[in-house]
Amino acid sequence: YVGGQSAEAEHSLRELAALAETAGSTVLDGFLQKKSTPDPGTFFGSGKAEQIREAVAEVGADTVIVDSELAPSQRRGLEDIVKVKVIDRTGLILDIFAQHAQSREGKAQVELAQLEYLLPRLRGWGDSMSRQAGGQVGGAGAGMGSRGPGETKIELDRRRINQRMAKLRREIANMKPAREAKRANRRRNAVPSVAIAGYTNAGKSSLLNRLTDAGVLVENALFATLDPTVRKASTPDGIGYTLSDTVGFVRALPTQLVEAFRSTLEEVADADLILHVVDASHPEPEGQIAAVRQVLADVEAHEVDEIIVLNKADAAEWDVVERIRRREPHTVLVSARTGEGVEELKELISQSIPRPNVPLELLVPYADGDIVSRLHAEDVEILSTTYTEEGTQLSVRVRPEMT
Ligand code: GDP
């Protein structure tokens, strides 16, 4: 890691290690370099690069992951020194996306993002592949950073990659109407929607489980939930709403991924309420909150009502919790693990979602003017009145300002 304040750099490096473990690696060692500008040829200065080479040889690592974006020439330069495969942060995140994409659209989007990432690096990749073939680099075949498009696609020339990308874009565009129709349907039914967003590993899946009693897979892995999963939930007073989980955010999410996962994030922009889950056991969750908000703003979801859900209350530092509470007006402290605060959260959700504004049919056996004027006083709009043998059939709607 080069540059930045060192506490910030350490956090970022820890996150990189967590990401690498999510991708199935074992992290053996970590290095920080305090240097304001990366070396144009090898990214790290020569002393640090040499230190990394020694460590790689000593612990028997097969990959070096750099917590930054590397120019193709820097990656090659560094590979020449450390003698193992070098990948950068974006490459690693793409790798995780490739492992976790489930739906057809998710897969298409990941492949598109991988090709976008690959295209400007095409020559670099070719070089490193030929070196790899020569036996100097790399260990066990399709390791980190090489999942996804696969060997045959790596050999595609630029033109064919562009054609493939165009095809993927068309496919993705064709998948959109189905999703929009689904969304329109939700709107028509006037079912309020709540989206769970938040930093990786903040506890989104665990919270989804708490709120819905659904058996969603929870694993101690970032990006356990890549594809939008929509579930049903209801408030304590019985108002149904949809609850959707979203892909975990990472700090400095590469822009090409923001584009690629727009559909997932678009879903958040359409929600009536965002539960922004924050890991309160993190020493400085402010950076995570800012990162999530940045991405929400990128997808125009910043105007959606937001509740900051400070999760992991059981493991949180009190001063951190107090600090966030002073800054953020709408917070609730919960533990998805112990259930603490979850009832309070359910209440808050209940108060924050719009009431479905669908007409209600009431049959009032002995309706008279008194009942009608009392309904008016309660801000109930009476749409129609039909007198039947059983009584008065009223079609009513709660006025929007009362929802
Ligand atoms: P997601 O990536 O945001 O969906 O997070 P998960 O729900 O998968 O949780 C990530 C990790 O945090 C898992 O190991 C959970 O067991 C753990 N976790 C979730 N909620 C809590 C909590 O309230 N307290 C503690 N101590 N750990 C939690």
# chains A, B, ... in the order shown; residues from 1 in each chain; ligands from 1

$ residues_around --residues "A:Leu360" --least-positions-apart "4" --cutoff "9 Å" --atoms "only C-alpha atoms" --output "list in words"
Leu394, Ser395, Val396, Arg397 and Val398 of chain A

$ select_by_dssp --residues "stretch 229-378 of chain A" --states "alpha helix (DSSP H)" --output "ChimeraX atom specification"
/A:255-260,262-269,286-298,318-327,342-352,369-377

$ residues_around --residues "A:Val59" --least-positions-apart "4" --cutoff "10 Å" --atoms "only C-alpha atoms" --output "short mmCIF file (atom, residue, chain, number, x, y, z; two decimals) with N, CA and C atoms, in the first residue's frame"
data_model
loop_
_atom_site.label_atom_id
_atom_site.label_comp_id
_atom_site.auth_asym_id
_atom_site.auth_seq_id
_atom_site.Cartn_x
_atom_site.Cartn_y
_atom_site.Cartn_z
N LEU A 28 -0.69 -14.41 4.11
CA LEU A 28 0.50 -14.79 4.86
C LEU A 28 1.24 -13.60 5.46
N ASP A 29 1.17 -12.46 4.81
CA ASP A 29 1.97 -11.34 5.29
C ASP A 29 1.42 -10.04 4.71
N GLU A 54 11.69 -11.09 -0.63
CA GLU A 54 12.23 -11.99 0.40
C GLU A 54 11.12 -12.67 1.18
N ALA A 55 10.09 -11.88 1.56
CA ALA A 55 8.98 -12.45 2.33
C ALA A 55 8.23 -13.50 1.52
#

$ residues_around --residues "stretch 87-97 of chain A" --least-positions-apart "5" --cutoff "6 Å" --atoms "only C-alpha atoms" --output "list of chain:residue names"
A:Ala23, A:Ile65, A:Val66, A:Asp67, A:Ser68, A:Glu69, A:Gly145

$ closest_residue --among "A:Pro120, A:Gly30, A:Gly47, A:Gly203" --to "ligand 1" --atoms "only C-alpha atoms and all ligand atoms"
A:Gly203

$ atom_distance --atom1 "atom CA of A:Asp62" --atom2 "atom CA of A:Pro40"
23.5 Å

$ closest_residue --among "A:Ala290, A:Leu333, A:Ala301, A:Ala20" --to "ligand 1" --atoms "only C-alpha atoms and all ligand atoms"
A:Leu333
